[in-house]
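Here's the structure, in structure tokens; my notes come after.
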Amino acid sequence: ENEVTALTLAMLHTGATLDFSDLPGVKISKHSTGGVGDKTSLIVAPIAAAAGAVVPKITGRGLGHTGGTLDKLEAIPGFRTTLSVEEFRSVLREHGLCFIGQTEQIAPADKKMYALRDATGSVESLPLIAASIMSKKLAEGFDGLVLDVKVGSGAFMKKHMDARKLAQLMVGIGRRMGKRVQAVLTDMDQPLGYAIGNALEVMEASQTLQNSGPADLTQLSIELASRMISLANPAEGMEAAREQANAALNSGAAFAKFQQVIAAQGGNPDVLSQFELLPNASSAREIFSPRAGFITRINAEDIGQAAAMLGAGRDTMEKHIDPAVGVILEHKGGERVGAGTRLCTLYVTDETHVEEAAQLVEDAFHISGAPAETRELVLEVVQ
Ligand code: URA
């Protein structure tokens with residue numbers, strides 16, 4: 001832990017750190033290690049901000065089968081994520097929430113070391129992952145941080161034990177830095193919610209902020225937002241924080257907060273209620289169940305890869321993505337389907353890889369005669 005903390009600090013200090021200590025309020029951030037259909041930042045950040053936390057959110061792009069919050073926000077016409085630090089500060093001061101993209105000034109050593117890790121086979125090294133993530137997060141100038149460490153086929157960490165070790169390392173680094181940090185280990189064996197793809201995920205986030213989103217996405221969003229709120233007011237405890245998170249969601253305050261921040265960052269907030277204002281795919285391809293039975297598994301990695309194949313993601317950072325395309329699931333793990341039931345729909349603008357993506361998606365659904373146990377969404381809390 002001493003070595004990892006020292007490495008993290010050295011990496012952090014190769015670049016700039018933001019300092020919002022002059023702004024009133026407790027600064028709380030959130031980070032996910034990445035998954036498929038994970039649009040929780042678009043929901044939890046407005047909930048926590050509506051409940052009084054100040055949320056400076058530096059977001060990243062998706063890579064491979066996983067999505068990134070920056071790509072999702074850029075699906076909103078006009079939304080600007082390349083703000084100056086002064087603009088960032090001003091939106092944060094006014095609304096308690098602002099989203100910006102990673103800049104070259106933040107932990108520049110990480111970029112160089114990451115390239116070396118690829119070449120030296122150390123991409124999977126837990127201490128190097130922990131230092132990489134925490135050096136970038138600590139540059140945000142937060143007081144408290146909630147980490148969503150994903151576990152499962154669609155996650156960076158496939159095994160619960162590895163995810164726990166990573167969480168312990170990151171929480172330990174935070175503690176040594178005098179920050180309040182909690183990690184929640186959550187399931188990423190199947191996609192989160194029903195929508196995968198950038199504009200599609202903005203729509204689902206909007207529905208969730210209007211309290212008509214998928215059950216799993218709503219449950220996880222409330223869990224993470226409550227932890228952010230409780231880190232902002234540790235004296236109040238988790239029960240009070242949960243009540244505040246639910247109140248911010250149910251009263252419409254969190255939805256209004258997201259609308260205000262979209263407008264403040266140059267985007268059109270009407271997209272949250274008029275989905276036709278978001279980029280739209282030009283065709284759709286439906287996938288049907290080949291047999292009757294129970295869905296025992298939906299392989300998140302394959303669904304993420306299929307969405308990336310359609311253009312929703314990228315395999316190298318230089319590639320452009322298509323905000324309109326992706327996959328909408330119709331059913332989730334544990335549900336019973338008949339032969340010919342529609343399992344999901346692919347939204348497409350370029351037909352080049354549709355056949356391949358359709359096959360991948362069909363194979364991602366495991367359908368069996370007997371139901372299988374479904375995994376809990378929240379697996380463990382490390383603090
Ligand atoms: N995310 C990061 O930022 N760094 C890693 O090393 C792995 C995931």
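Here, A, B, ... name the chains of the structure tokens in the order displayed, residue numbers run from 1 inside each chain, and ligands are numbered from 1 in the same displayed order.
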
Open item on the list: Can you work out which residues are within 6 Å of ligand 1, considering only C-alpha atoms and all ligand atoms, and then hand them over as a ChimeraX atom specification?
Closed with: /A:129,132-133

Atoms kept (C-alpha atoms) for selection, written as a PDB file, in the first residue's frame:
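Contents of the output file again_9.pdb:
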```pdb
ATOM      1  CA  ILE A 129      -4.484  -0.269 -12.312  1.00  0.00           C
ATOM      2  CA  SER A 132      -3.654   4.671 -12.807  1.00  0.00           C
ATOM      3  CA  ILE A 133      -7.273   5.196 -11.761  1.00  0.00           C
TER       4      ILE A 133
END
```

Open item on the list: If we count only C-alpha atoms and set the cut-off at 8 Å, which residues sit around Ala357 of chain A, ignoring sequence neighbours fewer than 4 positions away in its own chain? Please answer as a ChimeraX atom specification.
Closed with: /A:305-307,309-310,353,361

Output all heavy atoms for every residue in that selection, as a PDB file, in the first residue's frame.
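As written to disk, part11.pdb reads:
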```pdb
ATOM      1  N   GLN A 305     -19.453  -5.798 -27.362  1.00  0.00           N
ATOM      2  CA  GLN A 305     -18.665  -5.892 -28.592  1.00  0.00           C
ATOM      3  C   GLN A 305     -19.544  -5.711 -29.832  1.00  0.00           C
ATOM      4  O   GLN A 305     -19.146  -5.060 -30.798  1.00  0.00           O
ATOM      5  CB  GLN A 305     -17.983  -7.248 -28.661  1.00  0.00           C
ATOM      6  CG  GLN A 305     -16.476  -7.097 -28.763  1.00  0.00           C
ATOM      7  CD  GLN A 305     -15.756  -8.190 -28.024  1.00  0.00           C
ATOM      8  OE1 GLN A 305     -16.277  -9.292 -27.877  1.00  0.00           O
ATOM      9  NE2 GLN A 305     -14.562  -7.888 -27.552  1.00  0.00           N
ATOM     10  N   ALA A 306     -20.759  -6.277 -29.778  1.00  0.00           N
ATOM     11  CA  ALA A 306     -21.682  -6.132 -30.907  1.00  0.00           C
ATOM     12  C   ALA A 306     -22.048  -4.657 -31.089  1.00  0.00           C
ATOM     13  O   ALA A 306     -22.062  -4.143 -32.218  1.00  0.00           O
ATOM     14  CB  ALA A 306     -22.928  -6.970 -30.675  1.00  0.00           C
ATOM     15  N   ALA A 307     -22.325  -3.967 -29.981  1.00  0.00           N
ATOM     16  CA  ALA A 307     -22.668  -2.536 -30.074  1.00  0.00           C
ATOM     17  C   ALA A 307     -21.487  -1.759 -30.658  1.00  0.00           C
ATOM     18  O   ALA A 307     -21.670  -0.873 -31.506  1.00  0.00           O
ATOM     19  CB  ALA A 307     -23.042  -1.998 -28.694  1.00  0.00           C
ATOM     20  N   MET A 309     -19.223  -2.926 -32.667  1.00  0.00           N
ATOM     21  CA  MET A 309     -19.158  -3.293 -34.089  1.00  0.00           C
ATOM     22  C   MET A 309     -20.106  -2.443 -34.935  1.00  0.00           C
ATOM     23  O   MET A 309     -19.823  -2.085 -36.064  1.00  0.00           O
ATOM     24  CB  MET A 309     -19.630  -4.744 -34.210  1.00  0.00           C
ATOM     25  CG  MET A 309     -18.675  -5.686 -34.827  1.00  0.00           C
ATOM     26  SD  MET A 309     -19.478  -7.304 -34.711  1.00  0.00           S
ATOM     27  CE  MET A 309     -18.187  -8.179 -33.903  1.00  0.00           C
ATOM     28  N   LEU A 310     -21.266  -2.115 -34.343  1.00  0.00           N
ATOM     29  CA  LEU A 310     -22.243  -1.282 -35.062  1.00  0.00           C
ATOM     30  C   LEU A 310     -21.793   0.170 -35.123  1.00  0.00           C
ATOM     31  O   LEU A 310     -22.380   0.977 -35.843  1.00  0.00           O
ATOM     32  CB  LEU A 310     -23.610  -1.358 -34.363  1.00  0.00           C
ATOM     33  CG  LEU A 310     -24.300  -2.721 -34.343  1.00  0.00           C
ATOM     34  CD1 LEU A 310     -25.571  -2.657 -33.506  1.00  0.00           C
ATOM     35  CD2 LEU A 310     -24.629  -3.173 -35.767  1.00  0.00           C
ATOM     36  N   HIS A 353     -21.397  -4.295 -40.649  1.00  0.00           N
ATOM     37  CA  HIS A 353     -21.118  -5.386 -39.701  1.00  0.00           C
ATOM     38  C   HIS A 353     -22.374  -5.931 -39.037  1.00  0.00           C
ATOM     39  O   HIS A 353     -22.291  -6.590 -38.002  1.00  0.00           O
ATOM     40  CB  HIS A 353     -20.148  -4.883 -38.620  1.00  0.00           C
ATOM     41  CG  HIS A 353     -18.818  -4.465 -39.169  1.00  0.00           C
ATOM     42  ND1 HIS A 353     -17.935  -5.360 -39.707  1.00  0.00           N
ATOM     43  CD2 HIS A 353     -18.255  -3.243 -39.300  1.00  0.00           C
ATOM     44  CE1 HIS A 353     -16.865  -4.707 -40.139  1.00  0.00           C
ATOM     45  NE2 HIS A 353     -17.042  -3.419 -39.906  1.00  0.00           N
ATOM     46  N   VAL A 361     -24.891 -11.120 -30.836  1.00  0.00           N
ATOM     47  CA  VAL A 361     -25.956 -10.800 -29.872  1.00  0.00           C
ATOM     48  C   VAL A 361     -26.829 -12.027 -29.626  1.00  0.00           C
ATOM     49  O   VAL A 361     -27.176 -12.347 -28.484  1.00  0.00           O
ATOM     50  CB  VAL A 361     -26.786  -9.603 -30.392  1.00  0.00           C
ATOM     51  CG1 VAL A 361     -28.087  -9.489 -29.626  1.00  0.00           C
ATOM     52  CG2 VAL A 361     -25.998  -8.318 -30.256  1.00  0.00           C
TER      53      VAL A 361
END
```

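Atom CA of Ile222 of chain A lies 14.0 Å from atom CA of Gly252 of chain A.
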
Open item on the list: Given only C-alpha atoms as the basis, pick out the residue of A:Val381, A:Val202, A:Leu145, A:Ala155 nearest to Leu277 of chain A.
Closed with: A:Val202

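The residues of segment 203-292 of chain A that DSSP classifies as strand (DSSP E), using the backbone of this structure, are Ser283, Ala284, Arg285, Glu286, Ile287 and Phe288 of chain A.
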
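Using only C-alpha atoms, the smallest distance between any of A:Ser221, A:Ser135, A:Ser226, A:Gln105 and Ile28 of chain A comes from A:Ser226.
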
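Proximity to Val26 of chain A was assessed for A:Ala163, A:Ile106, A:Val184, A:Met228 counting only C-alpha atoms; the smallest distance is recorded for A:Met228.
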
Task: Interatomic distance (Å, one decimal) between atom CA of His95 of chain A and atom CA of Ala241 of chain A - done: 19.8 Å
